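Trainee: Input: one structure, supplied below.
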Amino acid sequence: MTPDPFHLMADREALTAWAREHGVRVRVAGEDWESITYEATTSGPDGTSVVRRYRCVLPPAMALRRLRLTYVVGLCHDAGGAVCNHVRRVVPPVLSAADEAARHDVTLVAAALVEAERRAVCGATVHNLAVYTVQRAKDWRPY
């Protein structure tokens, strides 16, 4: 069953009303330093997925604060004799956390994201991923 293309809603209230009408929950589908994307999914009459999303663009001051707090997390694991690398940008779950706690939190979130997104493809799991870098996004430079 392939999901249908998603439909963008006009605002969060419209998404919440649609989700309530269909008896489903609204969840955070994606997040970066400048926006948060909310999503609700239900099954259509023919069995296909019906997806509704709303992208909330954050005010510039909040977006800049989140950018300053965003981390780049590099993870790797062995995949059949080769090294498989994964990099994720993660905003700490608690924006007011101390640097050491935030680094720990973003490492856990990044590992969970990689496992959820890539386990079927390359076998990445929280248990076999090793962290090779955790840097603030504003300081990160590609090699």
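A note on labels: chains of the structure tokens are A, B, ... as shown, every chain counts residues from 1, and ligands are counted from 1 in their shown order.
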Residues at most 12 Å from Gly30 in chain A, counting only C-alpha atoms, excluding those fewer than 2 positions away in the same chain, as a list in words?

Mentor: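 The contact residues come out as Arg27, Val28, Asp32, Trp33, Glu34, Ser35, Ile36, Thr37, Tyr38, Glu39, Arg53, Tyr54, Arg55, Cys56, Val57, Arg89, Val90, Val91 and Leu113 of chain A.
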
Trainee: DSSP on the backbone: what in chain A comes out strand (DSSP E), as a PyMOL selection string?

Mentor: chain A and resi 7-8+27-31+35-43+49-57+71-79+82-90+130-136

Trainee: Which residues are near Leu15 in chain A? Cut-off 10 Å, only C-alpha atoms, ignore same chain within fewer than 4 positions. Put them as a list in words.

Mentor: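 In the requested format, the answer is Leu8, Met9, Ala10, Asp11, Ala19, Arg20, Glu21, Arg25, Val26, Tyr38, Glu39, Ala40, Arg52, Arg53 and Tyr54 of chain A.
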
Trainee: Within 12 Å of Arg119 in chain A, counting only C-alpha atoms, which residues show up once you throw out same-chain ones fewer than 6 positions away? Write them as a list in words, please.

Mentor: His77, Ala79, Cys84, His86, Ala111, Ala112, Leu113, Thr125, Val126, His127, Asn128 and Leu129 of chain A

Trainee: Near range 60-73 of chain A, counting only C-alpha atoms, which residues have an atom at most 12 Å away, once you skip same-chain residues fewer than 6 positions from it, shown as a VMD selection string?

Mentor: chain A and resid 31 to 36 85 to 100 102 to 114 129 to 142

Trainee: Can you list every residue in chain A that DSSP puts in helix (DSSP H, G or I), as a ChimeraX atom specification?

Mentor: /A:12-22,60-69,99-122

Trainee: Which one is closest to Ala29 in chain A: A:Ser43, A:Cys122, A:Phe6, A:Gly81? Count only C-alpha atoms.

Mentor: A:Phe6
